[in-house]
There are 2 protein chains.
Amino acid sequence: MATPPANDRPIFGVGFFLSTLGFRSHEMWAERLVPLGLDSRQAAMLLNVARAEGRSQQALAQALKIPPSRVVVLVDDLERRNLLQRRADPADRRIRLLHLTPDGRAMVERLARVAAEHDDWLSVGLDEAERDQLVALLRKAAAGLELSGTVHSGLAGGEWEPADLG
Amino acid sequence: MATPPANDRPIFGVGFFLSTLGFRSHEMWAERLVPLGLDSRQAAMLLNVARAEGRSQQALAQALKIPPSRVVVLVDDLERRNLLQRRADPADRRIRLLHLTPDGRAMVERLARVAAEHDDWLSVGLDEAERDQLVALLRKAAAGLELSGTVHSGLAGGEWEPADLG
DNA sequence: TATTGTTATACTCTATAACTATA
DNA sequence: TATAGTTATAGAGTATAACAATA
């Protein structure tokens with residue numbers, strides 16, 4: 001049978017559950033970050049830099065889709081707390097290269113643990129097979145949306161920029 | 001085999017994809033509402049009232065988890081545009097009962113069509129079986145989270161408050 | 001002249017708290 | 001006195017635009 005006409009379809013479909021669960025996931029993620037003293041964006045920044053140290057602030061702003069002016073203050077804070085470090089680019093002195101400090105690297109590991117906890121919490125209603133299935137389907141849906149626009153992705157290789165994590 | 005230790009688990013799991021896709025879903029949903037002249041919250045309000053006409057503003061505020069003061073201005077706007085109507089409660093004159101106007105009902109039907117389009121768009125990478133599977137898994141995950149706190153739900157009966165739709 | 005990072009400004013949301021009218 | 005709705009105020013978060021240094 002074909003897809004039923006719009007009016008016969010449930011309002012509570014993919015979009016509804018995705019938005020609702022996504023919202024709740026983000027909400028809870030932010031809560032888990034409080035003890036770490038991190039903003040969800042700052043967490044994303046740390047993970048992003050961890051994946052490619054030596055990024056410029058500009059690149060980061062683009063990946064996270066936030067204005068460069070906002071990156072400044074967030075990096076300011078991370079630098080003050082010795083998690084991130086701005087280094088000069090010998091080739092172009094306008095650019096600040098972002099690097100993790102040892103504390104920053106420790107924080108990234110902590111983030112990985114918290115993310116795992118978070119995932120467990122999110123999928124508490126699912127058994128292991130279902131959880132794998134869910135991730136696979138979400139991945140596929142994301143690929144179909146060419147989400148590279150929103151979250152810079154190289155989906156083909158299974159690589160994701162954690163731009164919006166949180 | 002058991003769940004692997006936190007540090008060996010991918011950062012890009014359920015939480016990441018749920019947040020990312022949920023965010024994108026909401027973003028696109030809001031875009032689709034622009035031509036209708038609706039805010040995502042206003043859309044949720046209309047759907048909410050459609051499911052139970054005669055709700056009070058207070059009840060609506062609780063269901064949508066937004067302060068009553070905010071409900072006022074949103075209802076003001078919807079009333080000005082003849083989509084919603086405030087009626088006096090004969091039993092308690094403090095209360096305003098919310099009802100859809102004929103225009104409001106037409107708008108709800110339009111919303112149903114837009115929501116169907118939106119769902120199609122979201123699941124463009126999936127075939128029909130996969131899409132059904134995804135909804136089922138999301139539903140199950142939502143049930144596991146006892147999401148009734150965030151989105152007032154009677155999940156058992158498959159009934160959802162569209163509080164956070166969008 | 002264009003670009004990186006920065007600072008300053010202005011604006012949009014949002015929540016909070018005062019206020020009124022009923023109960 | 002307590003509650004529904006409303007109004008007013010103040011605060012957070014955000015983007016925009018001006019600015020300085022370098023290319």
# chains A, B, ... in the order shown; residues from 1 in each chain; ligands from 1
$ calpha_fit_and_write --fixed "chain A" --moving "chain B" --output "compact mmCIF listing (two decimals) with N, CA and C atoms, in the first residue's frame"
# COMPACT_ATOMS: atom_id res chain seq x y z
N MET B 1 0.78 -1.21 0.14
CA MET B 1 -0.06 0.00 0.02
C MET B 1 0.79 1.25 0.05
N ALA B 2 0.28 2.28 -0.58
CA ALA B 2 1.06 3.52 -0.69
C ALA B 2 0.93 4.36 0.59
N THR B 3 1.73 5.40 0.63
CA THR B 3 1.65 6.32 1.77
C THR B 3 0.25 6.92 1.84
N PRO B 4 -0.36 6.87 3.00
CA PRO B 4 -1.72 7.41 3.12
C PRO B 4 -1.71 8.92 2.99
N PRO B 5 -2.85 9.51 2.63
CA PRO B 5 -2.94 10.96 2.47
C PRO B 5 -2.61 11.69 3.76
N ALA B 6 -2.15 12.91 3.61
CA ALA B 6 -1.64 13.68 4.74
C ALA B 6 -2.59 13.68 5.93
N ASN B 7 -3.85 13.90 5.66
CA ASN B 7 -4.77 14.10 6.77
C ASN B 7 -5.03 12.84 7.59
N ASP B 8 -4.73 11.67 7.00
CA ASP B 8 -4.92 10.44 7.74
C ASP B 8 -3.68 10.05 8.50
N ARG B 9 -2.62 10.80 8.34
CA ARG B 9 -1.37 10.41 8.99
C ARG B 9 -1.26 11.04 10.36
N PRO B 10 -0.60 10.34 11.26
CA PRO B 10 -0.52 10.81 12.63
C PRO B 10 0.36 12.05 12.73
N ILE B 11 -0.08 12.99 13.57
CA ILE B 11 0.74 14.16 13.86
C ILE B 11 2.00 13.72 14.61
N PHE B 12 1.89 12.64 15.33
CA PHE B 12 3.00 12.20 16.17
C PHE B 12 3.85 11.19 15.44
N GLY B 13 4.55 11.69 14.44
CA GLY B 13 5.39 10.83 13.63
C GLY B 13 6.86 11.09 13.90
N VAL B 14 7.66 10.87 12.87
CA VAL B 14 9.10 11.02 13.00
C VAL B 14 9.46 12.40 13.55
N GLY B 15 8.89 13.43 12.97
CA GLY B 15 9.24 14.79 13.35
C GLY B 15 8.94 15.07 14.81
N PHE B 16 7.77 14.66 15.22
CA PHE B 16 7.39 14.93 16.60
C PHE B 16 8.33 14.27 17.58
N PHE B 17 8.56 12.99 17.40
CA PHE B 17 9.40 12.27 18.36
C PHE B 17 10.85 12.73 18.29
N LEU B 18 11.29 13.03 17.08
CA LEU B 18 12.66 13.49 16.91
C LEU B 18 12.85 14.82 17.63
N SER B 19 11.93 15.74 17.42
CA SER B 19 12.03 17.04 18.08
C SER B 19 11.96 16.91 19.59
N THR B 20 10.99 16.12 20.03
CA THR B 20 10.78 15.98 21.47
C THR B 20 11.97 15.32 22.14
N LEU B 21 12.38 14.17 21.59
CA LEU B 21 13.50 13.47 22.19
C LEU B 21 14.79 14.27 22.05
N GLY B 22 14.95 14.91 20.92
CA GLY B 22 16.15 15.72 20.71
C GLY B 22 16.23 16.85 21.71
N PHE B 23 15.09 17.47 21.94
CA PHE B 23 15.04 18.57 22.89
C PHE B 23 15.39 18.08 24.29
N ARG B 24 14.77 16.97 24.65
CA ARG B 24 15.02 16.42 25.99
C ARG B 24 16.48 15.98 26.11
N SER B 25 17.01 15.40 25.06
CA SER B 25 18.40 14.95 25.08
C SER B 25 19.32 16.14 25.31
N HIS B 26 19.07 17.20 24.59
CA HIS B 26 19.91 18.39 24.74
C HIS B 26 19.79 18.96 26.14
N GLU B 27 18.58 19.01 26.62
CA GLU B 27 18.30 19.55 27.95
C GLU B 27 19.10 18.79 29.00
N MET B 28 19.03 17.46 28.91
CA MET B 28 19.70 16.62 29.90
C MET B 28 21.22 16.69 29.74
N TRP B 29 21.65 16.77 28.51
CA TRP B 29 23.08 16.88 28.23
C TRP B 29 23.63 18.15 28.88
N ALA B 30 22.93 19.24 28.72
CA ALA B 30 23.34 20.50 29.32
C ALA B 30 23.42 20.35 30.84
N GLU B 31 22.49 19.60 31.39
CA GLU B 31 22.47 19.40 32.84
C GLU B 31 23.71 18.62 33.28
N ARG B 32 24.05 17.63 32.49
CA ARG B 32 25.22 16.81 32.82
C ARG B 32 26.51 17.61 32.73
N LEU B 33 26.48 18.68 31.96
CA LEU B 33 27.69 19.47 31.78
C LEU B 33 27.90 20.47 32.92
N VAL B 34 26.84 20.75 33.65
CA VAL B 34 26.94 21.72 34.74
C VAL B 34 28.08 21.40 35.72
N PRO B 35 28.13 20.15 36.20
CA PRO B 35 29.22 19.82 37.13
C PRO B 35 30.60 20.03 36.51
N LEU B 36 30.68 19.93 35.19
CA LEU B 36 31.97 20.13 34.53
C LEU B 36 32.24 21.62 34.29
N GLY B 37 31.25 22.42 34.62
CA GLY B 37 31.41 23.86 34.41
C GLY B 37 31.42 24.23 32.95
N LEU B 38 30.80 23.39 32.12
CA LEU B 38 30.84 23.66 30.69
C LEU B 38 29.47 24.00 30.12
N ASP B 39 29.49 24.87 29.18
CA ASP B 39 28.36 25.17 28.32
C ASP B 39 28.31 24.09 27.24
N SER B 40 27.11 23.81 26.69
CA SER B 40 27.05 22.76 25.68
C SER B 40 27.89 23.14 24.45
N ARG B 41 27.95 24.43 24.17
CA ARG B 41 28.77 24.87 23.04
C ARG B 41 30.26 24.71 23.32
N GLN B 42 30.60 24.98 24.56
CA GLN B 42 32.01 24.82 24.92
C GLN B 42 32.43 23.37 24.84
N ALA B 43 31.54 22.49 25.27
CA ALA B 43 31.82 21.06 25.15
C ALA B 43 32.04 20.70 23.69
N ALA B 44 31.15 21.19 22.84
CA ALA B 44 31.28 20.93 21.41
C ALA B 44 32.61 21.45 20.89
N MET B 45 33.01 22.63 21.39
CA MET B 45 34.27 23.21 20.95
C MET B 45 35.45 22.34 21.34
N LEU B 46 35.46 21.87 22.57
CA LEU B 46 36.55 21.03 23.02
C LEU B 46 36.63 19.76 22.18
N LEU B 47 35.49 19.14 21.94
CA LEU B 47 35.47 17.91 21.15
C LEU B 47 35.93 18.19 19.73
N ASN B 48 35.51 19.34 19.24
CA ASN B 48 35.88 19.72 17.89
C ASN B 48 37.38 19.93 17.76
N VAL B 49 37.94 20.64 18.70
CA VAL B 49 39.39 20.87 18.67
C VAL B 49 40.14 19.56 18.88
N ALA B 50 39.58 18.70 19.73
CA ALA B 50 40.24 17.42 19.99
C ALA B 50 40.39 16.61 18.71
N ARG B 51 39.41 16.75 17.83
CA ARG B 51 39.43 16.00 16.59
C ARG B 51 40.38 16.60 15.57
N ALA B 52 40.71 17.87 15.75
CA ALA B 52 41.62 18.50 14.80
C ALA B 52 42.29 19.68 15.47
N GLU B 53 43.35 19.41 16.20
CA GLU B 53 44.04 20.49 16.91
C GLU B 53 44.67 21.45 15.91
N GLY B 54 44.78 22.69 16.35
CA GLY B 54 45.38 23.68 15.49
C GLY B 54 44.38 24.36 14.58
N ARG B 55 43.10 24.14 14.86
CA ARG B 55 42.05 24.83 14.14
C ARG B 55 42.09 26.31 14.44
N SER B 56 41.65 27.13 13.53
CA SER B 56 41.52 28.56 13.80
C SER B 56 40.14 28.82 14.41
N GLN B 57 39.99 29.97 15.02
CA GLN B 57 38.69 30.32 15.59
C GLN B 57 37.65 30.45 14.50
N GLN B 58 38.10 30.95 13.38
CA GLN B 58 37.20 31.12 12.25
C GLN B 58 36.63 29.77 11.82
N ALA B 59 37.51 28.79 11.70
CA ALA B 59 37.08 27.45 11.29
C ALA B 59 36.08 26.89 12.30
N LEU B 60 36.38 27.14 13.55
CA LEU B 60 35.51 26.65 14.61
C LEU B 60 34.13 27.30 14.51
N ALA B 61 34.14 28.59 14.29
CA ALA B 61 32.89 29.33 14.17
C ALA B 61 32.03 28.75 13.04
N GLN B 62 32.70 28.43 11.95
CA GLN B 62 31.98 27.88 10.80
C GLN B 62 31.42 26.50 11.10
N ALA B 63 32.25 25.67 11.71
CA ALA B 63 31.83 24.31 12.01
C ALA B 63 30.66 24.31 12.98
N LEU B 64 30.69 25.22 13.94
CA LEU B 64 29.64 25.25 14.96
C LEU B 64 28.51 26.18 14.58
N LYS B 65 28.68 26.85 13.46
CA LYS B 65 27.64 27.77 13.00
C LYS B 65 27.28 28.81 14.04
N ILE B 66 28.27 29.39 14.64
CA ILE B 66 28.04 30.52 15.54
C ILE B 66 28.97 31.63 15.12
N PRO B 67 28.55 32.88 15.31
CA PRO B 67 29.36 34.01 14.86
C PRO B 67 30.72 34.04 15.55
N PRO B 68 31.73 34.46 14.82
CA PRO B 68 33.09 34.52 15.37
C PRO B 68 33.15 35.30 16.68
N SER B 69 32.33 36.32 16.77
CA SER B 69 32.37 37.14 17.99
C SER B 69 31.98 36.32 19.21
N ARG B 70 31.13 35.34 18.97
CA ARG B 70 30.70 34.49 20.07
C ARG B 70 31.81 33.52 20.46
N VAL B 71 32.52 33.03 19.45
CA VAL B 71 33.63 32.11 19.70
C VAL B 71 34.63 32.76 20.65
N VAL B 72 34.88 34.04 20.41
CA VAL B 72 35.88 34.75 21.21
C VAL B 72 35.63 34.60 22.70
N VAL B 73 34.41 34.94 23.13
CA VAL B 73 34.15 34.93 24.57
C VAL B 73 34.16 33.51 25.12
N LEU B 74 33.72 32.55 24.32
CA LEU B 74 33.72 31.17 24.80
C LEU B 74 35.15 30.65 24.94
N VAL B 75 35.98 30.99 23.95
CA VAL B 75 37.39 30.58 24.03
C VAL B 75 38.08 31.33 25.18
N ASP B 76 37.75 32.59 25.33
CA ASP B 76 38.29 33.35 26.46
C ASP B 76 38.13 32.57 27.75
N ASP B 77 36.91 32.11 27.95
CA ASP B 77 36.60 31.40 29.18
C ASP B 77 37.38 30.08 29.29
N LEU B 78 37.40 29.34 28.19
CA LEU B 78 38.10 28.06 28.20
C LEU B 78 39.59 28.26 28.41
N GLU B 79 40.11 29.34 27.89
CA GLU B 79 41.54 29.61 28.04
C GLU B 79 41.84 30.00 29.49
N ARG B 80 40.98 30.81 30.04
CA ARG B 80 41.16 31.24 31.43
C ARG B 80 41.20 30.03 32.35
N ARG B 81 40.46 28.99 31.96
CA ARG B 81 40.38 27.81 32.81
C ARG B 81 41.38 26.74 32.38
N ASN B 82 42.31 27.13 31.53
CA ASN B 82 43.40 26.23 31.14
C ASN B 82 42.95 24.96 30.45
N LEU B 83 41.90 25.06 29.66
CA LEU B 83 41.46 23.89 28.91
C LEU B 83 41.87 24.01 27.45
N LEU B 84 41.92 25.24 27.02
CA LEU B 84 42.27 25.53 25.64
C LEU B 84 43.38 26.58 25.62
N GLN B 85 44.10 26.59 24.52
CA GLN B 85 45.21 27.52 24.40
C GLN B 85 45.21 28.13 23.00
N ARG B 86 45.39 29.43 22.95
CA ARG B 86 45.54 30.11 21.66
C ARG B 86 47.02 30.20 21.34
N ARG B 87 47.40 29.74 20.16
CA ARG B 87 48.80 29.89 19.77
C ARG B 87 48.87 30.72 18.49
N ALA B 88 49.98 31.39 18.34
CA ALA B 88 50.15 32.21 17.14
C ALA B 88 50.47 31.31 15.95
N ASP B 89 49.95 31.69 14.81
CA ASP B 89 50.29 31.00 13.58
C ASP B 89 51.52 31.70 12.99
N PRO B 90 52.64 30.98 12.87
CA PRO B 90 53.86 31.60 12.38
C PRO B 90 53.67 32.15 10.96
N ALA B 91 52.84 31.51 10.19
CA ALA B 91 52.65 31.90 8.79
C ALA B 91 51.76 33.13 8.65
N ASP B 92 50.81 33.28 9.55
CA ASP B 92 49.84 34.39 9.44
C ASP B 92 49.48 34.86 10.85
N ARG B 93 50.00 36.02 11.17
CA ARG B 93 49.88 36.43 12.57
C ARG B 93 48.50 36.92 12.96
N ARG B 94 47.58 36.91 12.01
CA ARG B 94 46.21 37.28 12.39
C ARG B 94 45.49 36.11 13.06
N ILE B 95 45.96 34.91 12.70
CA ILE B 95 45.24 33.69 13.10
C ILE B 95 45.67 33.15 14.46
N ARG B 96 44.68 32.69 15.23
CA ARG B 96 44.97 32.01 16.50
C ARG B 96 44.69 30.53 16.32
N LEU B 97 45.71 29.73 16.54
CA LEU B 97 45.54 28.29 16.45
C LEU B 97 45.11 27.75 17.80
N LEU B 98 44.08 26.96 17.79
CA LEU B 98 43.54 26.44 19.04
C LEU B 98 44.09 25.05 19.35
N HIS B 99 44.59 24.93 20.58
CA HIS B 99 45.12 23.65 21.03
C HIS B 99 44.59 23.30 22.41
N LEU B 100 44.45 22.01 22.65
CA LEU B 100 44.04 21.56 23.98
C LEU B 100 45.25 21.58 24.91
N THR B 101 45.02 21.94 26.14
CA THR B 101 46.04 21.76 27.17
C THR B 101 45.88 20.35 27.73
N PRO B 102 46.83 19.90 28.55
CA PRO B 102 46.64 18.59 29.22
C PRO B 102 45.33 18.54 29.98
N ASP B 103 44.99 19.62 30.69
CA ASP B 103 43.70 19.67 31.38
C ASP B 103 42.55 19.53 30.38
N GLY B 104 42.71 20.17 29.24
CA GLY B 104 41.69 20.09 28.21
C GLY B 104 41.50 18.67 27.72
N ARG B 105 42.63 17.97 27.55
CA ARG B 105 42.54 16.58 27.10
C ARG B 105 41.84 15.72 28.14
N ALA B 106 42.15 15.98 29.40
CA ALA B 106 41.48 15.24 30.48
C ALA B 106 39.98 15.51 30.45
N MET B 107 39.64 16.76 30.17
CA MET B 107 38.23 17.12 30.11
C MET B 107 37.52 16.41 28.97
N VAL B 108 38.21 16.28 27.84
CA VAL B 108 37.61 15.57 26.71
C VAL B 108 37.33 14.11 27.06
N GLU B 109 38.27 13.51 27.80
CA GLU B 109 38.04 12.12 28.23
C GLU B 109 36.83 12.04 29.16
N ARG B 110 36.74 13.03 30.01
CA ARG B 110 35.61 13.08 30.92
C ARG B 110 34.31 13.22 30.12
N LEU B 111 34.38 14.05 29.10
CA LEU B 111 33.21 14.25 28.25
C LEU B 111 32.78 12.94 27.58
N ALA B 112 33.77 12.16 27.18
CA ALA B 112 33.45 10.88 26.55
C ALA B 112 32.70 9.99 27.52
N ARG B 113 33.14 9.97 28.76
CA ARG B 113 32.44 9.16 29.76
C ARG B 113 31.03 9.67 29.99
N VAL B 114 30.90 10.98 30.12
CA VAL B 114 29.57 11.56 30.34
C VAL B 114 28.65 11.28 29.16
N ALA B 115 29.22 11.36 27.95
CA ALA B 115 28.42 11.09 26.75
C ALA B 115 27.93 9.65 26.75
N ALA B 116 28.78 8.74 27.21
CA ALA B 116 28.39 7.33 27.27
C ALA B 116 27.25 7.14 28.27
N GLU B 117 27.39 7.77 29.42
CA GLU B 117 26.32 7.73 30.42
C GLU B 117 25.02 8.25 29.82
N HIS B 118 25.17 9.37 29.14
CA HIS B 118 24.02 10.02 28.53
C HIS B 118 23.33 9.09 27.53
N ASP B 119 24.12 8.44 26.72
CA ASP B 119 23.57 7.50 25.75
C ASP B 119 22.85 6.34 26.43
N ASP B 120 23.45 5.86 27.51
CA ASP B 120 22.81 4.77 28.26
C ASP B 120 21.45 5.22 28.78
N TRP B 121 21.46 6.44 29.30
CA TRP B 121 20.21 6.97 29.86
C TRP B 121 19.15 7.12 28.77
N LEU B 122 19.57 7.62 27.63
CA LEU B 122 18.62 7.83 26.53
C LEU B 122 18.01 6.52 26.05
N SER B 123 18.80 5.48 26.08
CA SER B 123 18.34 4.23 25.49
C SER B 123 17.99 3.19 26.55
N VAL B 124 17.58 3.69 27.71
CA VAL B 124 17.27 2.78 28.82
C VAL B 124 16.05 1.91 28.49
N GLY B 125 15.20 2.39 27.60
CA GLY B 125 14.02 1.61 27.24
C GLY B 125 14.28 0.58 26.15
N LEU B 126 15.51 0.58 25.65
CA LEU B 126 15.83 -0.30 24.52
C LEU B 126 16.86 -1.36 24.90
N ASP B 127 16.75 -2.53 24.29
CA ASP B 127 17.82 -3.49 24.50
C ASP B 127 18.94 -3.18 23.52
N GLU B 128 20.01 -3.95 23.63
CA GLU B 128 21.21 -3.58 22.86
C GLU B 128 20.99 -3.60 21.35
N ALA B 129 20.24 -4.59 20.91
CA ALA B 129 19.98 -4.70 19.48
C ALA B 129 19.17 -3.51 18.99
N GLU B 130 18.17 -3.16 19.77
CA GLU B 130 17.30 -2.05 19.38
C GLU B 130 18.09 -0.74 19.35
N ARG B 131 18.97 -0.60 20.31
CA ARG B 131 19.77 0.61 20.37
C ARG B 131 20.65 0.75 19.13
N ASP B 132 21.28 -0.34 18.77
CA ASP B 132 22.12 -0.32 17.56
C ASP B 132 21.28 0.01 16.33
N GLN B 133 20.11 -0.60 16.30
CA GLN B 133 19.20 -0.37 15.19
C GLN B 133 18.81 1.10 15.11
N LEU B 134 18.53 1.67 16.28
CA LEU B 134 18.12 3.08 16.33
C LEU B 134 19.24 3.98 15.80
N VAL B 135 20.44 3.76 16.29
CA VAL B 135 21.56 4.57 15.81
C VAL B 135 21.72 4.43 14.30
N ALA B 136 21.60 3.21 13.83
CA ALA B 136 21.75 2.98 12.39
C ALA B 136 20.69 3.74 11.60
N LEU B 137 19.46 3.70 12.08
CA LEU B 137 18.37 4.38 11.38
C LEU B 137 18.54 5.90 11.44
N LEU B 138 18.96 6.40 12.59
CA LEU B 138 19.17 7.84 12.72
C LEU B 138 20.28 8.29 11.78
N ARG B 139 21.31 7.49 11.72
CA ARG B 139 22.43 7.78 10.82
C ARG B 139 21.96 7.84 9.38
N LYS B 140 21.15 6.88 9.03
CA LYS B 140 20.65 6.81 7.67
C LYS B 140 19.75 8.01 7.36
N ALA B 141 18.90 8.35 8.33
CA ALA B 141 18.02 9.51 8.16
C ALA B 141 18.85 10.78 7.99
N ALA B 142 19.88 10.88 8.83
CA ALA B 142 20.76 12.06 8.76
C ALA B 142 21.42 12.15 7.39
N ALA B 143 21.85 10.99 6.89
CA ALA B 143 22.48 10.96 5.58
C ALA B 143 21.50 11.42 4.51
N GLY B 144 20.28 10.97 4.62
CA GLY B 144 19.25 11.34 3.66
C GLY B 144 18.99 12.83 3.65
N LEU B 145 19.17 13.45 4.80
CA LEU B 145 18.92 14.89 4.90
C LEU B 145 20.10 15.71 4.43
N GLU B 146 21.16 15.04 4.08
CA GLU B 146 22.38 15.77 3.73
C GLU B 146 22.68 16.80 4.80
N LEU B 147 22.80 16.30 5.99
CA LEU B 147 22.92 17.16 7.15
C LEU B 147 24.24 17.91 7.17
N SER B 148 25.03 17.64 6.14
CA SER B 148 26.34 18.29 6.10
C SER B 148 26.21 19.80 6.16
N GLY B 149 25.06 20.29 5.77
CA GLY B 149 24.85 21.73 5.84
C GLY B 149 24.82 22.22 7.27
N THR B 150 24.16 21.48 8.10
CA THR B 150 23.99 21.90 9.49
C THR B 150 25.15 21.46 10.35
N VAL B 151 25.44 20.19 10.25
CA VAL B 151 26.57 19.66 10.99
C VAL B 151 27.55 19.17 9.96
N HIS B 152 28.63 19.85 9.85
CA HIS B 152 29.61 19.50 8.84
C HIS B 152 29.95 18.03 8.96
N SER B 153 29.69 17.30 7.93
CA SER B 153 29.85 15.86 8.07
C SER B 153 30.51 15.23 6.87
N GLY B 154 31.18 14.16 7.09
CA GLY B 154 31.65 13.30 6.03
C GLY B 154 31.01 11.97 6.30
N LEU B 155 29.71 11.95 6.17
CA LEU B 155 28.92 10.82 6.63
C LEU B 155 29.40 9.51 6.04
N ALA B 156 29.79 9.56 4.78
CA ALA B 156 30.22 8.36 4.10
C ALA B 156 31.19 7.56 4.96
N GLY B 157 32.17 8.24 5.45
CA GLY B 157 33.17 7.55 6.25
C GLY B 157 32.77 7.40 7.70
N GLY B 158 31.54 7.76 7.99
CA GLY B 158 31.09 7.65 9.36
C GLY B 158 31.70 8.69 10.27
N GLU B 159 32.23 9.72 9.67
CA GLU B 159 32.89 10.76 10.45
C GLU B 159 31.95 11.94 10.66
N TRP B 160 31.82 12.39 11.89
CA TRP B 160 30.94 13.52 12.17
C TRP B 160 31.67 14.61 12.91
N GLU B 161 31.33 15.83 12.56
CA GLU B 161 31.78 16.95 13.37
C GLU B 161 30.81 17.08 14.53
N PRO B 162 31.30 17.16 15.72
CA PRO B 162 30.40 17.21 16.86
C PRO B 162 29.85 18.62 17.06
N ALA B 163 29.57 19.28 15.97
CA ALA B 163 29.17 20.67 16.04
C ALA B 163 28.00 20.87 17.01
N ASP B 164 27.00 20.03 16.84
CA ASP B 164 25.79 20.28 17.60
C ASP B 164 25.62 19.33 18.76
N LEU B 165 26.67 18.66 19.13
CA LEU B 165 26.51 17.75 20.25
C LEU B 165 26.03 18.56 21.43
N GLY B 166 24.85 18.25 21.88
CA GLY B 166 24.27 18.99 22.99
C GLY B 166 23.39 20.10 22.50
$ closest_atom_pairs --of "chain D" --to "chain B" --cutoff "9 Å" --atoms "only C-alpha atoms (C1' of nucleotides)" --output "tab-separated table"
residue	atom	partner	partner_atom	distance
D:DT3	C1'	B:Arg94	CA	8.5
D:DA4	C1'	B:Arg94	CA	5.2
D:DG5	C1'	B:Arg94	CA	7.0
D:DT6	C1'	B:Ser69	CA	7.3
D:DT7	C1'	B:Ser69	CA	8.8
$ write_last_selection --atoms "N, CA, C and O atoms (P, O5', C5', C4', C3', O3' and C1' of nucleotides)" --output "mmCIF file, in the first residue's frame"
data_model
loop_
_atom_site.group_PDB
_atom_site.id
_atom_site.type_symbol
_atom_site.label_atom_id
_atom_site.label_comp_id
_atom_site.auth_asym_id
_atom_site.auth_seq_id
_atom_site.Cartn_x
_atom_site.Cartn_y
_atom_site.Cartn_z
ATOM 1 P P DT D 3 -3.396 28.538 45.526
ATOM 2 O "O5'" DT D 3 -4.090 28.963 44.146
ATOM 3 C "C5'" DT D 3 -5.436 28.598 43.919
ATOM 4 C "C4'" DT D 3 -5.978 29.402 42.747
ATOM 5 C "C3'" DT D 3 -5.060 29.401 41.518
ATOM 6 O "O3'" DT D 3 -5.834 29.028 40.387
ATOM 7 C "C1'" DT D 3 -5.716 31.588 42.044
ATOM 8 P P DA D 4 -5.095 28.777 38.979
ATOM 9 O "O5'" DA D 4 -5.716 29.965 38.111
ATOM 10 C "C5'" DA D 4 -7.058 29.857 37.679
ATOM 11 C "C4'" DA D 4 -7.372 30.934 36.675
ATOM 12 C "C3'" DA D 4 -6.431 30.971 35.480
ATOM 13 O "O3'" DA D 4 -7.194 31.112 34.277
ATOM 14 C "C1'" DA D 4 -6.284 33.026 36.696
ATOM 15 P P DG D 5 -6.470 31.168 32.887
ATOM 16 O "O5'" DG D 5 -6.097 32.701 32.776
ATOM 17 C "C5'" DG D 5 -7.157 33.629 32.585
ATOM 18 C "C4'" DG D 5 -6.613 35.017 32.812
ATOM 19 C "C3'" DG D 5 -5.664 35.513 31.728
ATOM 20 O "O3'" DG D 5 -6.347 36.486 30.952
ATOM 21 C "C1'" DG D 5 -4.959 36.111 33.936
ATOM 22 P P DT D 6 -5.623 37.055 29.628
ATOM 23 O "O5'" DT D 6 -4.774 38.259 30.229
ATOM 24 C "C5'" DT D 6 -5.463 39.289 30.944
ATOM 25 C "C4'" DT D 6 -4.462 40.235 31.585
ATOM 26 C "C3'" DT D 6 -3.445 40.865 30.626
ATOM 27 O "O3'" DT D 6 -3.866 42.206 30.409
ATOM 28 C "C1'" DT D 6 -2.508 40.295 32.765
ATOM 29 P P DT D 7 -3.061 43.081 29.365
ATOM 30 O "O5'" DT D 7 -1.898 43.695 30.276
ATOM 31 C "C5'" DT D 7 -2.258 44.471 31.409
ATOM 32 C "C4'" DT D 7 -0.991 44.940 32.114
ATOM 33 C "C3'" DT D 7 0.050 45.592 31.211
ATOM 34 O "O3'" DT D 7 0.352 46.853 31.786
ATOM 35 C "C1'" DT D 7 1.045 43.929 32.568
#
$ select_by_dssp --residues "range 29-141 of chain B" --states "alpha helix (DSSP H)" --output "JSON, numbers by chain"
{"B": [29, 30, 31, 32, 33, 40, 41, 42, 43, 44, 45, 46, 47, 48, 49, 50, 51, 57, 58, 59, 60, 61, 62, 63, 64, 68, 69, 70, 71, 72, 73, 74, 75, 76, 77, 78, 79, 80, 102, 103, 104, 105, 106, 107, 108, 109, 110, 111, 112, 113, 114, 115, 116, 117, 118, 119, 120, 121, 122, 128, 129, 130, 131, 132, 133, 134, 135, 136, 137, 138, 139, 140, 141]}
$ atom_distance --atom1 "C1' of DA17 in chain D" --atom2 "C1' of DT12 in chain C"
16.4 Å
$ atom_distance --atom1 "C1' of DT9 in chain D" --atom2 "C1' of DT22 in chain C"
25.0 Å
$ interface_residues --of "chain C" --to "chain A" --cutoff "12 Å" --atoms "only C-alpha atoms (C1' of nucleotides)" --output "ChimeraX atom specification"
/C:3-8
$ write_last_selection --atoms "C-alpha atoms (C1' of nucleotides)" --output "CSV table (one decimal), in the first residue's frame"
chain,number,residue,atom,x,y,z
C,3,DT,C1',40.4,38.9,6.4
C,4,DT,C1',41.1,37.4,11.5
C,5,DG,C1',40.1,38.3,15.6
C,6,DT,C1',38.1,41.6,18.9
C,7,DT,C1',35.0,45.0,21.1
C,8,DA,C1',30.8,47.6,21.5
$ residues_around --residues "DA12 in chain D" --least-positions-apart "2" --cutoff "12 Å" --atoms "only C-alpha atoms (C1' of nucleotides)" --output "list of chain:residue names"
C:DT12, C:DC13, C:DT14, C:DA15, D:DA10, D:DT14
$ select_by_dssp --residues "range 17-149 of chain A" --states "strand (DSSP E)" --output "ChimeraX atom specification"
/A:55-56,84-88,96-100
